[in-house]
file protein07.json (JSON, C-alpha atoms and all ligand atoms)
[["chain", "number", "residue", "atom", "x", "y", "z"],
["K", 1, "MET", "CA", 0.00, 0.00, 0.00],
["K", 2, "VAL", "CA", 1.27, 3.45, -0.90],
["K", 3, "LYS", "CA", 1.90, 5.51, 2.24],
["K", 4, "SER", "CA", 2.43, 9.22, 2.54],
["K", 5, "VAL", "CA", 6.06, 10.21, 3.00],
["K", 6, "VAL", "CA", 6.89, 11.78, 6.35],
["K", 7, "GLN", "CA", 8.28, 15.29, 5.95],
["K", 8, "ASP", "CA", 11.04, 17.08, 7.86],
["K", 9, "PRO", "CA", 10.91, 18.31, 10.67],
["K", 10, "ASN", "CA", 8.95, 15.27, 11.91],
["K", 11, "PRO", "CA", 10.99, 13.94, 14.88],
["K", 12, "ILE", "CA", 10.86, 10.33, 13.61],
["K", 13, "LEU", "CA", 13.31, 11.39, 10.89],
["K", 14, "HIS", "CA", 15.81, 12.48, 13.54],
["K", 15, "LYS", "CA", 15.77, 9.33, 15.65],
["K", 16, "LYS", "CA", 18.13, 6.37, 15.46],
["K", 17, "THR", "CA", 16.17, 3.26, 14.46],
["K", 18, "PRO", "CA", 16.17, 0.00, 16.44],
["K", 19, "PRO", "CA", 17.35, -3.18, 14.64],
["K", 20, "VAL", "CA", 14.91, -5.56, 13.00],
["K", 21, "THR", "CA", 14.60, -8.79, 14.99],
["K", 22, "LYS", "CA", 11.36, -10.34, 13.66],
["K", 23, "PHE", "CA", 12.06, -11.12, 10.05],
["K", 24, "ASN", "CA", 9.19, -13.39, 9.20],
["K", 25, "SER", "CA", 6.28, -11.62, 10.80],
["K", 26, "ASP", "CA", 3.39, -10.62, 8.53],
["K", 27, "GLU", "CA", 3.70, -7.12, 9.92],
["K", 28, "PHE", "CA", 7.31, -6.84, 8.74],
["K", 29, "LYS", "CA", 6.49, -8.27, 5.30],
["K", 30, "LYS", "CA", 3.72, -5.72, 4.97],
["K", 31, "LEU", "CA", 6.12, -2.92, 5.93],
["K", 32, "ILE", "CA", 8.57, -3.96, 3.19],
["K", 33, "LYS", "CA", 5.72, -4.12, 0.67],
["K", 34, "ASP", "CA", 4.44, -0.68, 1.71],
["K", 35, "MET", "CA", 7.96, 0.75, 1.42],
["K", 36, "LYS", "CA", 8.39, -0.68, -2.08],
["K", 37, "ASP", "CA", 4.96, 0.55, -3.20],
["K", 38, "THR", "CA", 5.65, 4.02, -1.83],
["K", 39, "LEU", "CA", 9.12, 4.20, -3.37],
["K", 40, "ALA", "CA", 7.73, 3.21, -6.78],
["K", 41, "LYS", "CA", 4.89, 5.73, -6.56],
["K", 42, "GLU", "CA", 7.32, 8.52, -5.61],
["K", 43, "ASP", "CA", 9.82, 7.45, -8.28],
["K", 44, "GLY", "CA", 12.56, 7.71, -5.67],
["K", 45, "LEU", "CA", 16.02, 6.16, -5.49],
["K", 46, "GLY", "CA", 15.65, 4.84, -1.97],
["K", 47, "LEU", "CA", 13.32, 4.83, 1.02],
["K", 48, "ALA", "CA", 14.00, 4.19, 4.71],
["K", 49, "ALA", "CA", 11.32, 2.89, 7.09],
["K", 50, "PRO", "CA", 11.10, 6.10, 9.18],
["K", 51, "GLN", "CA", 10.04, 7.90, 6.00],
["K", 52, "ILE", "CA", 6.71, 6.10, 6.15],
["K", 53, "GLY", "CA", 6.48, 6.51, 9.90],
["K", 54, "GLU", "CA", 8.08, 3.25, 11.09],
["K", 55, "SER", "CA", 11.20, 3.62, 13.21],
["K", 56, "LEU", "CA", 12.96, 0.44, 12.12],
["K", 57, "ASN", "CA", 16.39, -0.35, 10.64],
["K", 58, "VAL", "CA", 15.54, -1.14, 7.02],
["K", 59, "PHE", "CA", 15.70, 0.59, 3.66],
["K", 60, "VAL", "CA", 14.72, -0.34, 0.11],
["K", 61, "ILE", "CA", 15.96, 0.72, -3.32],
["K", 62, "PRO", "CA", 14.21, 0.40, -6.70],
["K", 63, "ASP", "CA", 14.40, -2.86, -8.68],
["K", 64, "ASP", "CA", 16.32, -0.94, -11.32],
["K", 65, "ILE", "CA", 18.08, 2.29, -10.45],
["K", 66, "ALA", "CA", 19.05, 3.37, -13.95],
["K", 67, "PRO", "CA", 15.62, 4.51, -15.24],
["K", 68, "VAL", "CA", 14.86, 6.40, -12.02],
["K", 69, "ALA", "CA", 18.24, 8.14, -12.15],
["K", 70, "LYS", "CA", 17.58, 9.04, -15.78],
["K", 71, "SER", "CA", 14.11, 10.41, -15.05],
["K", 72, "ARG", "CA", 15.69, 12.63, -12.40],
["K", 73, "ALA", "CA", 18.50, 13.68, -14.70],
["K", 74, "ILE", "CA", 21.12, 12.31, -12.31],
["K", 75, "LEU", "CA", 24.41, 11.61, -13.97],
["K", 76, "SER", "CA", 26.82, 9.47, -12.08],
["K", 77, "PRO", "CA", 29.82, 7.81, -13.64],
["K", 78, "ILE", "CA", 29.07, 4.31, -12.46],
["K", 79, "ILE", "CA", 25.78, 2.60, -11.92],
["K", 80, "LYS", "CA", 26.32, -0.98, -10.99],
["K", 81, "PRO", "CA", 23.31, -3.23, -11.21],
["K", 82, "GLU", "CA", 22.42, -4.63, -7.82],
["K", 83, "LYS", "CA", 19.95, -7.48, -7.56],
["K", 84, "ARG", "CA", 19.22, -6.87, -3.92],
["K", 85, "THR", "CA", 16.61, -4.27, -3.09],
["K", 86, "VAL", "CA", 15.98, -4.75, 0.64],
["K", 87, "PHE", "CA", 18.66, -3.91, 3.20],
["K", 88, "ILE", "CA", 17.96, -4.81, 6.80],
["K", 89, "ASN", "CA", 20.12, -3.75, 9.75],
["K", 90, "PRO", "CA", 22.64, -2.30, 7.26],
["K", 91, "GLU", "CA", 26.06, -1.15, 8.30],
["K", 92, "ILE", "CA", 28.62, 0.57, 6.14],
["K", 93, "ARG", "CA", 31.96, -1.11, 6.84],
["K", 94, "PHE", "CA", 34.16, 0.84, 4.45],
["K", 95, "TYR", "CA", 34.08, 4.39, 3.11],
["K", 96, "SER", "CA", 36.55, 5.38, 0.38],
["K", 97, "LYS", "CA", 38.60, 8.49, 0.95],
["K", 98, "SER", "CA", 37.81, 9.59, -2.57],
["K", 99, "THR", "CA", 34.57, 11.50, -2.69],
["K", 100, "GLU", "CA", 32.14, 12.72, -5.29],
["K", 101, "VAL", "CA", 29.96, 15.81, -5.10],
["K", 102, "LEU", "CA", 26.56, 15.44, -6.69],
["K", 103, "GLU", "CA", 23.23, 17.16, -6.31],
["K", 104, "GLU", "CA", 21.16, 15.24, -3.79],
["K", 105, "GLY", "CA", 17.54, 15.38, -2.73],
["K", 106, "CYS", "CA", 15.23, 13.50, -0.36],
["K", 107, "LEU", "CA", 11.57, 12.52, -0.47],
["K", 108, "SER", "CA", 11.28, 13.80, 3.10],
["K", 109, "VAL", "CA", 12.85, 17.18, 2.31],
["K", 110, "LYS", "CA", 10.70, 18.28, -0.62],
["K", 111, "GLY", "CA", 12.00, 20.88, -3.01],
["K", 112, "ILE", "CA", 15.56, 21.07, -1.66],
["K", 113, "TYR", "CA", 18.43, 19.84, -3.81],
["K", 114, "ARG", "CA", 22.01, 20.47, -2.79],
["K", 115, "GLU", "CA", 25.46, 19.50, -3.93],
["K", 116, "THR", "CA", 26.42, 16.91, -1.33],
["K", 117, "PRO", "CA", 29.82, 15.24, -0.92],
["K", 118, "ARG", "CA", 29.80, 11.47, -0.39],
["K", 119, "SER", "CA", 32.39, 8.71, -0.45],
["K", 120, "PHE", "CA", 32.70, 7.37, -3.97],
["K", 121, "LYS", "CA", 32.89, 3.74, -2.85],
["K", 122, "VAL", "CA", 31.42, 1.93, 0.13],
["K", 123, "LYS", "CA", 31.07, -1.59, 1.42],
["K", 124, "LEU", "CA", 27.83, -2.42, 3.14],
["K", 125, "LYS", "CA", 26.87, -5.34, 5.33],
["K", 126, "ALA", "CA", 23.20, -6.13, 5.83],
["K", 127, "ARG", "CA", 20.62, -8.88, 6.20],
["K", 128, "ASP", "CA", 18.10, -9.94, 3.60],
["K", 129, "GLU", "CA", 14.38, -10.51, 4.13],
["K", 130, "ARG", "CA", 15.05, -13.97, 5.54],
["K", 131, "GLY", "CA", 17.61, -12.63, 7.97],
["K", 132, "HIS", "CA", 20.63, -13.95, 6.07],
["K", 133, "LYS", "CA", 23.77, -11.82, 6.14],
["K", 134, "PHE", "CA", 25.32, -10.51, 2.96],
["K", 135, "SER", "CA", 27.72, -7.80, 1.94],
["K", 136, "VAL", "CA", 27.88, -5.65, -1.14],
["K", 137, "SER", "CA", 30.29, -3.10, -2.60],
["K", 138, "ALA", "CA", 29.02, -0.08, -4.46],
["K", 139, "GLU", "CA", 30.35, 2.90, -6.35],
["K", 140, "GLY", "CA", 28.96, 6.18, -7.59],
["K", 141, "LEU", "CA", 25.22, 6.66, -7.37],
["K", 142, "LEU", "CA", 24.53, 3.37, -5.62],
["K", 143, "ALA", "CA", 27.22, 4.13, -3.01],
["K", 144, "ARG", "CA", 25.56, 7.51, -2.50],
["K", 145, "ILE", "CA", 22.14, 5.91, -2.03],
["K", 146, "PHE", "CA", 23.57, 3.49, 0.55],
["K", 147, "GLN", "CA", 25.08, 6.42, 2.47],
["K", 148, "HIS", "CA", 21.92, 8.52, 2.25],
["K", 149, "GLU", "CA", 19.69, 5.66, 3.42],
["K", 150, "THR", "CA", 21.89, 4.43, 6.27],
["K", 151, "ASP", "CA", 22.06, 8.05, 7.41],
["K", 152, "HIS", "CA", 18.24, 8.03, 7.57],
["K", 153, "LEU", "CA", 18.39, 4.97, 9.82],
["K", 154, "ASN", "CA", 20.75, 6.87, 12.11],
["K", 155, "GLY", "CA", 18.42, 9.87, 12.18],
["K", 156, "ILE", "CA", 20.51, 12.03, 9.85],
["K", 157, "LEU", "CA", 19.16, 13.93, 6.83],
["K", 158, "PHE", "CA", 21.34, 14.90, 3.87],
["K", 159, "ILE", "CA", 20.89, 18.60, 4.65],
["K", 160, "GLU", "CA", 22.84, 17.94, 7.85],
["K", 161, "ARG", "CA", 25.78, 16.68, 5.76],
["K", 162, "LEU", "CA", 26.27, 19.99, 3.97],
["C", 1, "ZN", "ZN", 16.12, 10.66, 2.00]]

call {"tool": "encode", "arguments": {"input": "protein07.json", "output": "structure tokens", "more": "lines below"}}
Ligand SMILES: [Zn+2]
result
Amino acid sequence: MVKSVVQDPNPILHKKTPPVTKFNSDEFKKLIKDMKDTLAKEDGLGLAAPQIGESLNVFVIPDDIAPVAKSRAILSPIIKPEKRTVFINPEIRFYSKSTEVLEEGCLSVKGIYRETPRSFKVKLKARDERGHKFSVSAEGLLARIFQHETDHLNGILFIERL
């Protein structure tokens, strides 16, 4: 179900989220579905649970980033396809020293786009919907999305990174 996206300065956006512990509950499956539906409707590049009012450590990305990036006129040098779209209890384990500055926006901060520096490469550890651990490396736009979304789960908005 498509939910409305929580807007700054709602306090839920500024709170650190607790980890997911119940992976197989119907409630959690519904949350993931609602997040995916909402992300698709908003044509966004990523969505964290607090953005639909649920303070929980999970974010989702679109099935395919490239068309969304194109529709938003985002040019990033590398877009690596990533099969995974659900990241639970994510943790960034490596940030490259090399950074990239790109205009960034947020579905919870409507109408504001700012040049935001981010590490060009990251390594992220997370759990999938069944609770299995995995890790993934990303560069460019995908690395930026991972940083933006894990920030959300720590209660940080991109405008606080400027
Ligand atoms: Zn955001």

call {"tool": "atom_distance", "arguments": {"input": "protein07.json", "atom1": "CA of Pro18 (chain K)", "atom2": "CA of Gly44 (chain K)"}}
result
23.7 Å

call {"tool": "residues_near_ligand", "arguments": {"input": "protein07.json", "ligand": "ligand ZN 1 (chain C)", "cutoff": "6 Å", "atoms": "all atoms listed in the file", "output": "PDB file with C-alpha atoms, in the coordinates of the input"}}
result
ATOM      1  CA  CYS K 106      15.230  13.500  -0.360  1.00  0.00           C
ATOM      2  CA  LEU K 107      11.570  12.520  -0.470  1.00  0.00           C
ATOM      3  CA  SER K 108      11.280  13.800   3.100  1.00  0.00           C
TER       4      SER K 108
END

call {"tool": "closest_residue", "arguments": {"input": "protein07.json", "among": "K:Asp128, K:Ser137, K:Arg114, K:Ser71", "to": "Arg93 (chain K)", "atoms": "all atoms listed in the file"}}
result
K:Ser137

call {"tool": "residues_around", "arguments": {"input": "protein07.json", "residues": "Asp64 (chain K)", "least_positions_apart": "2", "cutoff": "12 Å", "atoms": "all atoms listed in the file", "output": "mmCIF file with C-alpha atoms, in the frame of the given file"}}
result
data_model
loop_
_atom_site.group_PDB
_atom_site.id
_atom_site.type_symbol
_atom_site.label_atom_id
_atom_site.label_comp_id
_atom_site.auth_asym_id
_atom_site.auth_seq_id
_atom_site.Cartn_x
_atom_site.Cartn_y
_atom_site.Cartn_z
ATOM 1 C CA LEU K 39 9.120 4.200 -3.370
ATOM 2 C CA ALA K 40 7.730 3.210 -6.780
ATOM 3 C CA ASP K 43 9.820 7.450 -8.280
ATOM 4 C CA GLY K 44 12.560 7.710 -5.670
ATOM 5 C CA LEU K 45 16.020 6.160 -5.490
ATOM 6 C CA GLY K 46 15.650 4.840 -1.970
ATOM 7 C CA VAL K 60 14.720 -0.340 0.110
ATOM 8 C CA ILE K 61 15.960 0.720 -3.320
ATOM 9 C CA PRO K 62 14.210 0.400 -6.700
ATOM 10 C CA ALA K 66 19.050 3.370 -13.950
ATOM 11 C CA PRO K 67 15.620 4.510 -15.240
ATOM 12 C CA VAL K 68 14.860 6.400 -12.020
ATOM 13 C CA ALA K 69 18.240 8.140 -12.150
ATOM 14 C CA LYS K 70 17.580 9.040 -15.780
ATOM 15 C CA ILE K 79 25.780 2.600 -11.920
ATOM 16 C CA LYS K 80 26.320 -0.980 -10.990
ATOM 17 C CA PRO K 81 23.310 -3.230 -11.210
ATOM 18 C CA GLU K 82 22.420 -4.630 -7.820
ATOM 19 C CA LYS K 83 19.950 -7.480 -7.560
ATOM 20 C CA ARG K 84 19.220 -6.870 -3.920
ATOM 21 C CA THR K 85 16.610 -4.270 -3.090
ATOM 22 C CA LEU K 142 24.530 3.370 -5.620
#

call {"tool": "closest_residue", "arguments": {"input": "protein07.json", "among": "K:Asp63, K:Glu103, K:Asp34, K:Glu139", "to": "Phe158 (chain K)", "atoms": "all atoms listed in the file"}}
result
K:Glu103

call {"tool": "residues_around", "arguments": {"input": "protein07.json", "residues": "Ser98 (chain K)", "least_positions_apart": "3", "cutoff": "9 Å", "atoms": "all atoms listed in the file", "output": "list of chain:residue names"}}
result
K:Tyr95, K:Arg118, K:Ser119, K:Phe120, K:Lys121

call {"tool": "residues_around", "arguments": {"input": "protein07.json", "residues": "region 11-13 of chain K", "least_positions_apart": "5", "cutoff": "9 Å", "atoms": "only C-alpha atoms", "output": "list of chain:residue names"}}
result
K:Val6, K:Pro50, K:Gln51, K:Gly53, K:Glu54, K:Ser55, K:Ser108, K:His152, K:Leu153, K:Asn154, K:Gly155, K:Ile156, K:Leu157

call {"tool": "residues_around", "arguments": {"input": "protein07.json", "residues": "Phe146 (chain K)", "least_positions_apart": "3", "cutoff": "9 Å", "atoms": "all atoms listed in the file", "output": "PyMOL selection string"}}
result
chain K and resi 46+59+61+90+92+122+124+138+141-143+149-151

call {"tool": "closest_residue", "arguments": {"input": "protein07.json", "among": "K:Ala48, K:Val2, K:Val109, K:Val86", "to": "Arg130 (chain K)", "atoms": "all atoms listed in the file"}}
result
K:Val86

call {"tool": "residues_around", "arguments": {"input": "protein07.json", "residues": "Glu129 (chain K)", "least_positions_apart": "2", "cutoff": "7 Å", "atoms": "all atoms listed in the file", "output": "PyMOL selection string"}}
result
chain K and resi 23+86+127+131

call {"tool": "write_last_selection", "arguments": {"input": "protein07.json", "atoms": "C-alpha atoms", "output": "tab-separated table (two decimals), in the frame of the given file"}}
result
chain	number	residue	atom	x	y	z
K	23	PHE	CA	12.06	-11.12	10.05
K	86	VAL	CA	15.98	-4.75	0.64
K	127	ARG	CA	20.62	-8.88	6.20
K	131	GLY	CA	17.61	-12.63	7.97

call {"tool": "atom_distance", "arguments": {"input": "protein07.json", "atom1": "CA of Gln7 (chain K)", "atom2": "CA of Gly105 (chain K)"}}
result
12.7 Å

call {"tool": "closest_residue", "arguments": {"input": "protein07.json", "among": "K:Lys29, K:Lys110, K:Lys22, K:Lys97", "to": "Asp8 (chain K)", "atoms": "all atoms listed in the file"}}
result
K:Lys110

call {"tool": "closest_residue", "arguments": {"input": "protein07.json", "among": "K:Ile88, K:Val101, K:Ala73, K:Ile65", "to": "Thr21 (chain K)", "atoms": "only C-alpha atoms"}}
result
K:Ile88

call {"tool": "closest_residue", "arguments": {"input": "protein07.json", "among": "K:Ile112, K:Met35, K:Ile159, K:Val20", "to": "Val5 (chain K)", "atoms": "all atoms listed in the file"}}
result
K:Met35
